[in-house]
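Shown next, in structure tokens, is the structure this report addresses.
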Amino acid sequence: MKTPGAFYKPLAIGAPAPFREPPVSLERMIHFVPPHMEKMRAKIPDLIHKVDVILGNLEDAIPADAKTDARAGFIQMAKDNDFGETGLWTRVNCLNSPWFLDDLLEIVPAVGDKLDVIMLPKVEGVWDIHYLDQLLAQLEARAGLSRPIMIHAILETAEGVKNVEQIAAASPRMHGMSLGPADLAASRGMKTTRVGGGHPDYAVLSDADGTGARTAYQQDLWHYTVGKMVDACLSCGLKPFYGPFGDFSDPEACESQFRNAFLMGCLGAWSLHPTQIEIAKKVFSPDPAEVAFAAKILEAMPDGTGAVMIDGKMQDDATWKQAKVIVDLAKLVASKDSELAAVYGL
């Protein structure tokens with residue numbers, strides 16, 4: 001472990017100092033774009049105003065013979081557009097692939113000044129973060145960047161989940177983590193081909209009634225892992241995210257999975273299809289009625305101490321903290337979304 005004094009020092013001479021407090025940004029959906037496809041790059045100017053984060057995907061779902069084109073396409077789309085308050089990320093290829101090094105060596109010098117976050121797949125331990133951390137510092141110094149690029153880790157191996165707490169604390173570059181359910185299912189030997197969501201066979205049975213009938217209640221395959229990821233992230237001031245939901249034909253199940261993650265503490269999810277953008281926006285923006293009630297609590301307890309009764313419910317220091325989480329998120333949403341700002345009255 002680094003000493004506290006060394007933790008925030010740049011890892012290369014001339015590299016920008018790491019953030020001591022990560023930037024505050026709204027990231028309800030991380031929208032994936034395949035940058036090797038020109039017709040998709042042409043949609044970027046319109047997408048910038050619809051999503052919170054645009055991610056140029058270089059890894060899974062990009063054919064091996066299109067990796068170089070995807071990298072070049074991402075650089076081009078970064079150069080061609082002004083992203084404003086919308087985040088610009090890329091998911092690079094995994095560390096043991098033949099494309100990872102060129103991803104970094106070409107992207108950082110070309111568009112590192114526009115790039116907010118690098119998403120690193122299949123992170124298994126602190127060693128993966130330390131390697132990318134040092135490499136980024138060297139490239140930032142060489143490119144003369146004034147702002148550090150952050151790292152977002154994907155949890156998609158059993159070893160990564162086992163080491164999640166150490167990964168979260170590995171570097172001041174850490175932005176957050178996403179659950180990668182498909183690769184994680186394979187790594188764990190889980191018997192499912194679904195990309196996220198539940199499974200009808202993962203259930204518990206009720207006791208038999210008088211006729212002997214029993215009801216099966218489907219359970220959440222990812223509850224334990226999401227909870228573990230949220231605890232690791234929030235204890236280090238990072239942002240947890242649900243990852244992909246692969247069944248585009250089932251928006252109800254997608255919304256349910258996103259909502260479970262939101263209630264457990266996740267701040268956003270991946271959108272792989274345009275229909276999932278509005279689902280994520282709806283789910284990861286707090287409910288107006290909940291915001292109104294939370295605002296009542298904060299107004300009734302200005303200093304966050306004591307206890308009061310509101311609408312027949314007892315509120316104290318702990319519920320004040322819960323209310324503040326909701327109101328703070330609503331204010332962040334309102335700062336970007338004028339329609340919801342009007343609804344929230346903020």
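Within each chain, counting starts at residue 1; across the structure tokens, chains are named A, B, ... in the order shown, with ligands numbered 1 upward in that order.
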
Show which residues sit within 7 Å of stretch 280-284 of chain A, as JSON, numbers by chain. Count only C-alpha atoms, and ignore same-chain residues fewer than 2 positions away. {"A": [28, 29, 258, 259, 262, 267, 268, 269, 276, 277, 278, 286]}

In stretch 134-167 of chain A, DSSP helix (DSSP H, G or I) residues written as a list of chain:residue names: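 Restricting stretch 134-167 of chain A to helix (DSSP H, G or I) produces A:Gln134, A:Leu135, A:Leu136, A:Ala137, A:Gln138, A:Leu139, A:Glu140, A:Ala141, A:Arg142, A:Ala143, A:Ala158, A:Glu159, A:Gly160, A:Val161, A:Lys162, A:Val164, A:Glu165, A:Gln166, A:Ile167.
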
Write a file of the selected residues as a PDB file, in the first residue's frame, keeping C-alpha atoms.
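New file again.pdb:
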```
ATOM      1  CA  GLN A 134       1.241   4.151 -14.516  1.00  0.00           C
ATOM      2  CA  LEU A 135       0.847   3.899 -18.284  1.00  0.00           C
ATOM      3  CA  LEU A 136      -1.757   6.668 -18.352  1.00  0.00           C
ATOM      4  CA  ALA A 137       0.488   8.960 -16.304  1.00  0.00           C
ATOM      5  CA  GLN A 138       3.351   8.457 -18.756  1.00  0.00           C
ATOM      6  CA  LEU A 139       1.141   9.081 -21.773  1.00  0.00           C
ATOM      7  CA  GLU A 140      -0.519  12.116 -20.182  1.00  0.00           C
ATOM      8  CA  ALA A 141       2.896  13.616 -19.440  1.00  0.00           C
ATOM      9  CA  ARG A 142       4.105  13.009 -22.986  1.00  0.00           C
ATOM     10  CA  ALA A 143       0.906  14.489 -24.459  1.00  0.00           C
ATOM     11  CA  ALA A 158     -14.743 -14.497 -10.203  1.00  0.00           C
ATOM     12  CA  GLU A 159     -11.280 -13.282  -9.201  1.00  0.00           C
ATOM     13  CA  GLY A 160     -12.277  -9.676  -9.806  1.00  0.00           C
ATOM     14  CA  VAL A 161     -15.322 -10.010  -7.557  1.00  0.00           C
ATOM     15  CA  LYS A 162     -13.165 -11.663  -4.888  1.00  0.00           C
ATOM     16  CA  VAL A 164     -13.332  -5.957  -5.426  1.00  0.00           C
ATOM     17  CA  GLU A 165     -12.455  -4.039  -2.241  1.00  0.00           C
ATOM     18  CA  GLN A 166      -8.770  -3.828  -3.116  1.00  0.00           C
ATOM     19  CA  ILE A 167      -9.604  -2.814  -6.700  1.00  0.00           C
TER      20      ILE A 167
END
```

Contacts between stretch 168-180 of chain A and stretch 232-267 of chain A, please, where a residue of stretch 232-267 of chain A counts if it comes within 6 Å (with only C-alpha atoms); show its shortest atom pair and distance in Å to one decimal, rows by chain and ascending number, as JSON lines.
```
{"residue": "A:Cys233", "atom": "CA", "partner": "A:Ala168", "partner_atom": "CA", "distance": 5.9}
{"residue": "A:Leu238", "atom": "CA", "partner": "A:Gly176", "partner_atom": "CA", "distance": 4.7}
{"residue": "A:Lys239", "atom": "CA", "partner": "A:Gly176", "partner_atom": "CA", "distance": 4.3}
{"residue": "A:Pro240", "atom": "CA", "partner": "A:Met177", "partner_atom": "CA", "distance": 5.1}
{"residue": "A:Phe241", "atom": "CA", "partner": "A:Ser178", "partner_atom": "CA", "distance": 4.6}
{"residue": "A:Tyr242", "atom": "CA", "partner": "A:Leu179", "partner_atom": "CA", "distance": 5.3}
{"residue": "A:Gly243", "atom": "CA", "partner": "A:Leu179", "partner_atom": "CA", "distance": 5.0}
```

Using DSSP on the backbone, list every residue of stretch 15-136 of chain A that comes out as strand (DSSP E or B), and give them as a list of chain:residue names.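 Secondary structure check on stretch 15-136 of chain A, strand (DSSP E or B): A:Met29, A:Ile30, A:His31, A:Phe32, A:Val33, A:Val53, A:Ile54, A:Leu55, A:Gly56, A:Asn57, A:Gly87, A:Leu88, A:Trp89, A:Thr90, A:Arg91, A:Val117, A:Ile118, A:Met119, A:Leu120.
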
Would you mind listing what lies within 7 Å of A:Gly198 as a PDB file with all heavy atoms, in the first residue's frame, with only C-alpha atoms counted and same-chain residues fewer than 2 positions away left out?
```
ATOM      1  N   GLY A 196     -27.385 -10.618 -18.243  1.00  0.00           N
ATOM      2  CA  GLY A 196     -28.055  -9.866 -17.194  1.00  0.00           C
ATOM      3  C   GLY A 196     -29.474 -10.346 -16.976  1.00  0.00           C
ATOM      4  O   GLY A 196     -29.992 -11.233 -17.662  1.00  0.00           O
ATOM      5  N   PRO A 200     -35.723 -17.960 -14.872  1.00  0.00           N
ATOM      6  CA  PRO A 200     -36.898 -18.583 -14.257  1.00  0.00           C
ATOM      7  C   PRO A 200     -36.580 -19.769 -13.368  1.00  0.00           C
ATOM      8  O   PRO A 200     -37.381 -20.117 -12.490  1.00  0.00           O
ATOM      9  CB  PRO A 200     -37.735 -19.016 -15.477  1.00  0.00           C
ATOM     10  CG  PRO A 200     -36.763 -19.081 -16.614  1.00  0.00           C
ATOM     11  CD  PRO A 200     -35.756 -18.016 -16.336  1.00  0.00           C
ATOM     12  N   GLN A 219     -35.813 -15.328  -8.199  1.00  0.00           N
ATOM     13  CA  GLN A 219     -34.853 -14.535  -7.437  1.00  0.00           C
ATOM     14  C   GLN A 219     -33.900 -13.792  -8.381  1.00  0.00           C
ATOM     15  O   GLN A 219     -33.873 -14.029  -9.584  1.00  0.00           O
ATOM     16  CB  GLN A 219     -34.048 -15.449  -6.502  1.00  0.00           C
ATOM     17  CG  GLN A 219     -34.907 -16.303  -5.580  1.00  0.00           C
ATOM     18  CD  GLN A 219     -35.705 -15.482  -4.591  1.00  0.00           C
ATOM     19  OE1 GLN A 219     -35.129 -14.840  -3.723  1.00  0.00           O
ATOM     20  NE2 GLN A 219     -37.018 -15.497  -4.722  1.00  0.00           N
ATOM     21  N   ASP A 220     -33.092 -12.882  -7.803  1.00  0.00           N
ATOM     22  CA  ASP A 220     -32.146 -12.086  -8.584  1.00  0.00           C
ATOM     23  C   ASP A 220     -30.765 -12.732  -8.513  1.00  0.00           C
ATOM     24  O   ASP A 220     -30.128 -12.775  -7.454  1.00  0.00           O
ATOM     25  CB  ASP A 220     -32.093 -10.660  -8.027  1.00  0.00           C
ATOM     26  CG  ASP A 220     -31.214  -9.737  -8.860  1.00  0.00           C
ATOM     27  OD1 ASP A 220     -30.583 -10.214  -9.824  1.00  0.00           O
ATOM     28  OD2 ASP A 220     -31.160  -8.538  -8.541  1.00  0.00           O
ATOM     29  N   LEU A 221     -30.296 -13.219  -9.671  1.00  0.00           N
ATOM     30  CA  LEU A 221     -28.980 -13.867  -9.742  1.00  0.00           C
ATOM     31  C   LEU A 221     -27.836 -12.943  -9.323  1.00  0.00           C
ATOM     32  O   LEU A 221     -26.775 -13.405  -8.906  1.00  0.00           O
ATOM     33  CB  LEU A 221     -28.717 -14.316 -11.187  1.00  0.00           C
ATOM     34  CG  LEU A 221     -29.370 -15.597 -11.683  1.00  0.00           C
ATOM     35  CD1 LEU A 221     -29.267 -15.662 -13.199  1.00  0.00           C
ATOM     36  CD2 LEU A 221     -28.715 -16.806 -11.057  1.00  0.00           C
TER      37      LEU A 221
END
```

Show which residues sit within 12 Å of A:Asp80, as a PyMOL selection string. Count only C-alpha atoms, and ignore same-chain residues fewer than 4 positions away. chain A and resi 41-45+73-76+111+114

When you look at stretch 318-321 of chain A with a cut-off of 9 Å (counting only C-alpha atoms), what residues show up, excluding the ones that are within fewer than 2 positions of it in the same chain? I need them as an MDAnalysis selection string. chainID A and resid 294 297:298 301 304:305 314:316 323:326

Serialized selection, N, CA, C and O atoms, as an mmCIF file, in the first residue's frame:
```
data_model
loop_
_atom_site.group_PDB
_atom_site.id
_atom_site.type_symbol
_atom_site.label_atom_id
_atom_site.label_comp_id
_atom_site.auth_asym_id
_atom_site.auth_seq_id
_atom_site.Cartn_x
_atom_site.Cartn_y
_atom_site.Cartn_z
ATOM 1 N N ALA A 294 -38.621 13.809 0.502
ATOM 2 C CA ALA A 294 -37.268 14.000 1.030
ATOM 3 C C ALA A 294 -36.999 15.466 1.333
ATOM 4 O O ALA A 294 -36.361 15.817 2.345
ATOM 5 N N ILE A 297 -38.362 16.466 4.632
ATOM 6 C CA ILE A 297 -37.516 16.030 5.757
ATOM 7 C C ILE A 297 -36.377 17.027 5.978
ATOM 8 O O ILE A 297 -36.099 17.449 7.101
ATOM 9 N N LEU A 298 -35.714 17.414 4.890
ATOM 10 C CA LEU A 298 -34.591 18.352 5.015
ATOM 11 C C LEU A 298 -35.057 19.704 5.534
ATOM 12 O O LEU A 298 -34.358 20.361 6.316
ATOM 13 N N MET A 301 -35.762 19.451 9.291
ATOM 14 C CA MET A 301 -34.569 19.190 10.123
ATOM 15 C C MET A 301 -33.368 19.887 9.484
ATOM 16 O O MET A 301 -32.496 19.235 8.924
ATOM 17 N N GLY A 304 -30.026 18.521 10.453
ATOM 18 C CA GLY A 304 -29.882 17.076 10.373
ATOM 19 C C GLY A 304 -29.872 16.350 11.699
ATOM 20 O O GLY A 304 -29.459 15.189 11.758
ATOM 21 N N THR A 305 -30.346 17.006 12.761
ATOM 22 C CA THR A 305 -30.369 16.348 14.073
ATOM 23 C C THR A 305 -31.785 16.355 14.638
ATOM 24 O O THR A 305 -32.652 17.097 14.182
ATOM 25 N N MET A 314 -42.061 8.808 11.557
ATOM 26 C CA MET A 314 -40.972 9.379 12.344
ATOM 27 C C MET A 314 -39.719 9.522 11.488
ATOM 28 O O MET A 314 -39.320 8.606 10.786
ATOM 29 N N GLN A 315 -39.105 10.711 11.547
ATOM 30 C CA GLN A 315 -37.868 10.985 10.819
ATOM 31 C C GLN A 315 -36.797 11.407 11.811
ATOM 32 O O GLN A 315 -37.071 12.181 12.731
ATOM 33 N N ASP A 316 -35.570 10.883 11.616
ATOM 34 C CA ASP A 316 -34.484 11.242 12.526
ATOM 35 C C ASP A 316 -33.203 11.451 11.726
ATOM 36 O O ASP A 316 -33.242 11.618 10.505
ATOM 37 N N ALA A 323 -32.697 11.155 2.958
ATOM 38 C CA ALA A 323 -33.355 12.215 2.201
ATOM 39 C C ALA A 323 -32.344 13.056 1.439
ATOM 40 O O ALA A 323 -32.586 13.467 0.298
ATOM 41 N N LYS A 324 -31.206 13.303 2.058
ATOM 42 C CA LYS A 324 -30.188 14.129 1.409
ATOM 43 C C LYS A 324 -29.641 13.437 0.156
ATOM 44 O O LYS A 324 -29.357 14.089 -0.853
ATOM 45 N N VAL A 325 -29.486 12.117 0.198
ATOM 46 C CA VAL A 325 -29.049 11.367 -0.980
ATOM 47 C C VAL A 325 -30.009 11.612 -2.137
ATOM 48 O O VAL A 325 -29.592 11.873 -3.282
ATOM 49 N N ILE A 326 -31.310 11.547 -1.852
ATOM 50 C CA ILE A 326 -32.311 11.701 -2.906
ATOM 51 C C ILE A 326 -32.352 13.132 -3.431
ATOM 52 O O ILE A 326 -32.384 13.367 -4.650
#
```

Expressed in Å to a single decimal, how great is the separation between atom CA of A:Leu263 and atom CA of A:Phe19?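 Distance between the two atoms: 27.9 Å.
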
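Atom CA of A:Ala330 is positioned 6.9 Å from atom CA of A:Val291.
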
Using only C-alpha atoms, which of the listed residues (A:Gly197, A:Gly345, A:Gly5, A:Gly306) sits closest to A:Phe248? A:Gly197

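Of the listed residues A:Glu255, A:Asp201, A:Glu156, A:Asp231, the one whose atoms come nearest to A:Tyr217 is A:Asp201, with distances taken using only C-alpha atoms.
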
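Rounded to one decimal, atom CA of A:Pro34 and atom CA of A:Leu132 lie 22.9 Å from each other.
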